[in-house]
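In what follows, a single structure is set out as structure tokens and then discussed.
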Amino acid sequence: MLTLLMLVLAVRPVSAHGYIVRSIPEDRAELERAPTRVQYWFSEPLERQFSRIELLDNTGTVIASGGVDPEDDSLLVLRPPTDLPDGAYVVSLRPAFASDGHVVGETRVFFVGERVAGVEGSAASDAAVPLEVVWRGIVLTSTALLLGVFVLYDRVLLPAWGNKQYIAGFLPPRVLTRLTWIAGVALTVAIAGNVLAIFQNAMVLFDASLPRVVGSNLWNTARIGSRSGETWTVRMALLLILAALLALTIYWRDEKPRTIAPFWRALMWGTALMTGTFAVSSHAAGSLVMPWVGLLMHWLHLTAVSVWTGGLVALVLVMPVALRPYEGEKRRVALLAAMRRFSGVAVAALLVTVTSGIYNSLNWLFSPADVGTSYGMALVYKMLLFVGLLAVGAVHHIAARPERYAQWQALIERMGSWRVTLPLEAVFVVAVLISAGFVSSTPPPTPDFIESDVPAPRADAAADNLTAQMTISPGGPGVNTYDVRMVTETEAALVGTWRAAPDTVFVRMVQPSTDVRGEWLEAEAVEDALFVAAGDEIDTEGEWLTLVDVVTAEGESTRLAYQWNITNDASVLETIPPRWQHWLALAGVIAALCYAVAPAYRAFMQRMNLNALTVSVVLLGVVSTGVIIRGSFAYISYVQEQSGLGAAPPPDVINTVLPDADSLRAGADLYATNCVWERDSRDFEALVERLPRTRDAELYNFTREGFRGLPACNALQSETDRWHVVNFIRTFEPR
């Protein structure tokens, strides 16, 4: 309780579970006119059903609401009214993160016109939800004990005390009965804690009280309607399967005693698998650095902690019963046999715990300042408790090997007997597991490099009597929204037709350097004079063109063209490359795992009849297999690379002429006077049909060499004229 109180007092608001990586408009932005869309990108995918965004005026009245974007599940978006007057506006955000089911609330502010004094947003709190801390502490502690008791049986007690005269489990009945009781209680508590977990998750997702969650069956909606609920269902199913297997070991103890040992081994592996569900619903799922590796490291960390701490508590609980018949030297020998076995397992688990814990910490602590956040402080307290646990464990390790640490035995004896120090270590175990639940419930800090915002690219273009402003949001490689706002138009009748005609504005992205173009996108009329489309056509940084065709009700088209220099600076940050510290920590984890499996490997090798020829053949087979696999991957990569180059090789010539309205008019005149191409001919129809899959470089060659029965346009005077014609020919392409 003291540890929990210290952790609670250390909490202070800083950030959210996931965090905002980009926003339009920026927080406290001063805008000349109302935004066309309000958008917030987050570091993790969101639950569509439970995430919302609202726009409020300075009186607190909700004037617009939205949710998760249909094209991007990490984006909250709403469309504000078109007639927002000057003033201050508050954006209320309530994202529900799909990785762990956490929901946070915060507000952002922007101003239309001049800044209004006294209007401030509120940052999301990083305080852990007390009820979540409770259920996580319950479930993690009981799961650790559950895995620990099965590992203790299979890896410690069977090798130390196993006797084939006890057919049912190869251990004395009193010992197996106590282990079964421990496992049964741990399973019962884990199931109860898991039930509490879905209730708490539903309370957060629906912002409802516990009676309403239970009475209205909202917990079941949360279970089937969220990713965290799906993970909960898998965990509960595994817990029930484990309970059924444990019940069978009790039922078959007398009828089928030889099945007990295999069942307990299956229970050990099944529980280890079940712990993986905690990794799926942890912070690791939203890691910016190799998320899949982060999930694996979290699972390894939790498994290793459970083996060490859960095994220790189980050992403390089973020792009084197991050693009851023994006195004097026999009692000491039996105790040392078990402690030596457990000490070896604990050291291996400790190494994996430390190395994987370091790796996990590096996923969230990017600077020294992050240690001062709530997450950092919770992690510090956990480490302090861990050090205390490690100190008591070291005492037991020394006491279990008197022949190796003879000079320390007198000091160890003065510190107390096993009956004193083992329960003390168990107390540290419980404290560490509670602190682990607190760390899992506390939001990680937002990295400093996330804070910078890059303005969305925006440009104006004019053609004939039409002027339009285009914005690409956020303006980096990936999914973007394309907003086209008509600024001026002398023909007032055209404005009235934009909403009436569904096919009035088309948007296309083109990258001249690769001669690649996306499909024509039909922009949606979200309000008078504003059209919006979205797509993932921008896949690399570099120069890009946006072609916008505005079509009147009479079918007349006006071309607007925009040029952009797309950079990765504006991309929504989804992943970052690992730092050298990550690779070093990962190497430490691999070394710890090698140490952990070394005894089993040596035992396996001893059971094999090995000679020089056998070893040579095995080594040759391993090396040959590695070479073949490496060569196969290299060949596949080469084939894929060549296939990509064959499908879209770099163009021989690059279209350097912007296909705007002026270019199209010039191309039409040049085409009419220099290209004798009959539009009603089959060859011209074939050309039009293949335009969507024909590159500009090919069209350029067609104007020089002709296409089937269509002659070359030899009278064109310059390369620029030829590109004008190519741009004009593109207008025949069907949308």
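In the structure tokens, chains take letters A, B, ... by order of appearance, with residues numbered from 1 within each chain and ligands from 1 in the order shown.
Excluding Asp460 (chain A) itself and same-chain residues fewer than 2 positions from it, the residues having an atom within 8 Å of it are Arg458, Ala462, Thr467, Ala468, Gln469, Met470 and Tyr562 of chain A, counting only C-alpha atoms.
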*asked:* Env of region 307-309 of chain A: 8 Å cut, atoms = only C-alpha atoms, seq-sep filter 4 positions within chain, self excluded. Answer as a ChimeraX atom specification.
replied: /A:144-145,147-148,151,303,313,345-346,349-350,426,429
*In Å, how far is it from CA of Leu433 (chain A) to CA of Leu245 (chain A)?*
26.0 Å
*Write out as a PyMOL selection string which residues come within 12 Å of Pro173 (chain A) when counting only C-alpha atoms, dropping same-chain ones fewer than 4 positions away.*
chain A and resi 162-163+165-169+177-180+250+253-254+257+260+321-322
*Just the residues within 7 Å of region 273-279 of chain A, please, counting only C-alpha atoms, with nothing from its chain fewer than 6 positions along; format it as a ChimeraX atom specification.*
/A:231,235,238,295,298-299,303
Would you put the residues from that selection into a file with all heavy atoms, as an mmCIF file, in the first residue's frame?
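To be explicit, this is the file written out as again-v8.cif:
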```cif
data_model
loop_
_atom_site.group_PDB
_atom_site.id
_atom_site.type_symbol
_atom_site.label_atom_id
_atom_site.label_comp_id
_atom_site.auth_asym_id
_atom_site.auth_seq_id
_atom_site.Cartn_x
_atom_site.Cartn_y
_atom_site.Cartn_z
ATOM 1 N N THR A 231 -9.141 -8.636 -27.776
ATOM 2 C CA THR A 231 -8.012 -9.198 -27.032
ATOM 3 C C THR A 231 -8.479 -9.766 -25.701
ATOM 4 O O THR A 231 -8.033 -10.836 -25.272
ATOM 5 C CB THR A 231 -6.948 -8.119 -26.800
ATOM 6 O OG1 THR A 231 -6.551 -7.557 -28.057
ATOM 7 C CG2 THR A 231 -5.726 -8.699 -26.106
ATOM 8 N N ARG A 235 -8.098 -13.585 -24.251
ATOM 9 C CA ARG A 235 -7.499 -13.860 -22.944
ATOM 10 C C ARG A 235 -8.453 -14.667 -22.072
ATOM 11 O O ARG A 235 -8.044 -15.631 -21.402
ATOM 12 C CB ARG A 235 -7.120 -12.553 -22.251
ATOM 13 C CG ARG A 235 -6.405 -12.763 -20.909
ATOM 14 C CD ARG A 235 -6.163 -11.441 -20.187
ATOM 15 N NE ARG A 235 -5.468 -10.522 -21.047
ATOM 16 C CZ ARG A 235 -5.866 -9.274 -21.289
ATOM 17 N NH1 ARG A 235 -6.971 -8.821 -20.729
ATOM 18 N NH2 ARG A 235 -5.162 -8.496 -22.069
ATOM 19 N N LEU A 238 -8.604 -18.278 -23.209
ATOM 20 C CA LEU A 238 -7.416 -19.026 -22.791
ATOM 21 C C LEU A 238 -7.465 -19.344 -21.303
ATOM 22 O O LEU A 238 -7.077 -20.442 -20.870
ATOM 23 C CB LEU A 238 -6.153 -18.230 -23.129
ATOM 24 C CG LEU A 238 -5.825 -18.108 -24.622
ATOM 25 C CD1 LEU A 238 -4.647 -17.160 -24.838
ATOM 26 C CD2 LEU A 238 -5.500 -19.478 -25.217
ATOM 27 N N LEU A 295 6.331 -5.583 -29.242
ATOM 28 C CA LEU A 295 5.371 -6.550 -28.708
ATOM 29 C C LEU A 295 6.078 -7.799 -28.191
ATOM 30 O O LEU A 295 5.762 -8.316 -27.110
ATOM 31 C CB LEU A 295 4.368 -6.935 -29.796
ATOM 32 C CG LEU A 295 3.337 -5.881 -30.200
ATOM 33 C CD1 LEU A 295 2.544 -6.358 -31.402
ATOM 34 C CD2 LEU A 295 2.402 -5.576 -29.040
ATOM 35 N N HIS A 298 7.889 -7.000 -24.946
ATOM 36 C CA HIS A 298 6.961 -6.883 -23.816
ATOM 37 C C HIS A 298 6.535 -8.268 -23.337
ATOM 38 O O HIS A 298 6.451 -8.518 -22.126
ATOM 39 C CB HIS A 298 5.736 -6.066 -24.235
ATOM 40 C CG HIS A 298 4.818 -5.742 -23.100
ATOM 41 N ND1 HIS A 298 4.899 -4.575 -22.372
ATOM 42 C CD2 HIS A 298 3.790 -6.443 -22.547
ATOM 43 C CE1 HIS A 298 3.978 -4.572 -21.432
ATOM 44 N NE2 HIS A 298 3.283 -5.695 -21.519
ATOM 45 N N TRP A 299 6.255 -9.169 -24.284
ATOM 46 C CA TRP A 299 5.864 -10.524 -23.908
ATOM 47 C C TRP A 299 7.010 -11.245 -23.197
ATOM 48 O O TRP A 299 6.792 -11.907 -22.168
ATOM 49 C CB TRP A 299 5.436 -11.298 -25.158
ATOM 50 C CG TRP A 299 5.134 -12.732 -24.881
ATOM 51 C CD1 TRP A 299 4.068 -13.230 -24.189
ATOM 52 C CD2 TRP A 299 5.921 -13.862 -25.269
ATOM 53 N NE1 TRP A 299 4.129 -14.611 -24.125
ATOM 54 C CE2 TRP A 299 5.262 -15.023 -24.778
ATOM 55 C CE3 TRP A 299 7.105 -14.009 -25.981
ATOM 56 C CZ2 TRP A 299 5.767 -16.292 -24.992
ATOM 57 C CZ3 TRP A 299 7.602 -15.283 -26.193
ATOM 58 C CH2 TRP A 299 6.934 -16.406 -25.701
ATOM 59 N N THR A 303 6.814 -12.502 -19.372
ATOM 60 C CA THR A 303 7.009 -13.934 -19.132
ATOM 61 C C THR A 303 8.169 -14.175 -18.173
ATOM 62 O O THR A 303 8.065 -14.980 -17.229
ATOM 63 C CB THR A 303 7.264 -14.666 -20.460
ATOM 64 O OG1 THR A 303 6.163 -14.450 -21.344
ATOM 65 C CG2 THR A 303 7.429 -16.156 -20.234
#
```
*Looking at only C-alpha atoms, which of A:Pro445, A:Val507, A:Val305, A:Ala247 is the one that sits closest to Ser361 (chain A)?*
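Looking only at the distances to Ser361 (chain A), the closest residue turns out to be A:Pro445.
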*For CA of Asp669 (chain A) and CA of Met486 (chain A), determine how far apart the two atoms are, in Å to one decimal place.*
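So the answer is 28.0 Å.
Here CA of Gly357 (chain A) stands at a distance of 24.3 Å from CA of Asn194 (chain A).
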*Contacts of Trp264 (chain A) at 8 Å or less, counting only C-alpha atoms, minus same-chain residues fewer than 2 places along, as a list in words?*
Phe150, Tyr153, Asp154, Leu246, Thr249, Ile260, Ala261, Pro262, Ala266, Leu267 and Met268 of chain A
Which polymer residues have any atom within 8 Å of an atom of Ser142 (chain A), counting only C-alpha atoms, with same-chain residues fewer than 2 positions away left out, as an mmCIF file with C-alpha atoms, in the first residue's frame?
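Below is the file around12.cif, written as the result:
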```cif
data_model
loop_
_atom_site.group_PDB
_atom_site.id
_atom_site.type_symbol
_atom_site.label_atom_id
_atom_site.label_comp_id
_atom_site.auth_asym_id
_atom_site.auth_seq_id
_atom_site.Cartn_x
_atom_site.Cartn_y
_atom_site.Cartn_z
ATOM 1 C CA ILE A 138 -4.778 -8.195 -9.838
ATOM 2 C CA VAL A 139 -4.430 -9.808 -13.260
ATOM 3 C CA LEU A 140 -0.659 -9.360 -13.567
ATOM 4 C CA ALA A 144 2.637 -14.275 -12.696
ATOM 5 C CA LEU A 145 1.759 -16.692 -9.901
ATOM 6 C CA LEU A 146 -0.032 -18.976 -12.362
ATOM 7 C CA ALA A 186 -4.423 -17.872 -9.174
ATOM 8 C CA LEU A 187 -6.709 -18.859 -12.060
ATOM 9 C CA VAL A 189 -8.316 -14.418 -9.278
ATOM 10 C CA ALA A 190 -7.082 -13.911 -12.865
#
```
*Would you please extract all alpha helix (DSSP H) residues from region 259-351 of chain A, as assigned by DSSP on the backbone, and give them as a PyMOL selection string?*
chain A and resi 260-280+291-305+311-322+328-351
_Among listed residues A:Leu336, A:Trp564, A:Pro35, A:Pro45, nearest Asp86 (chain A) (using only C-alpha atoms)_ =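 Closest to Asp86 (chain A) of all the choices is A:Pro35.
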_Nearby residues (only C-alpha atoms) at most 12 Å from Glu71 (chain A), same-chain spacing under 5 positions excluded, as a VMD selection string_ = chain A and resid 45 48 76 to 77 478 to 481 533 to 536
*Name the closest residue to Val280 (chain A) among the candidates A:Ser441, A:Ser99, A:Thr471, A:Gln563; distances are taken between atoms, counting only C-alpha atoms.*
A:Ser99
*asked:* Which residue is closest to Val551 (chain A)? Choose from A:Ala523, A:Asn714, A:Leu586, A:Val234 and count only C-alpha atoms.
replied: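 Selected residue with least distance to Val551 (chain A): A:Ala523.
Closest to Ala529 (chain A) among A:Val204, A:Val505, A:Leu312, A:Ala585 is A:Val505, based on only C-alpha atoms.
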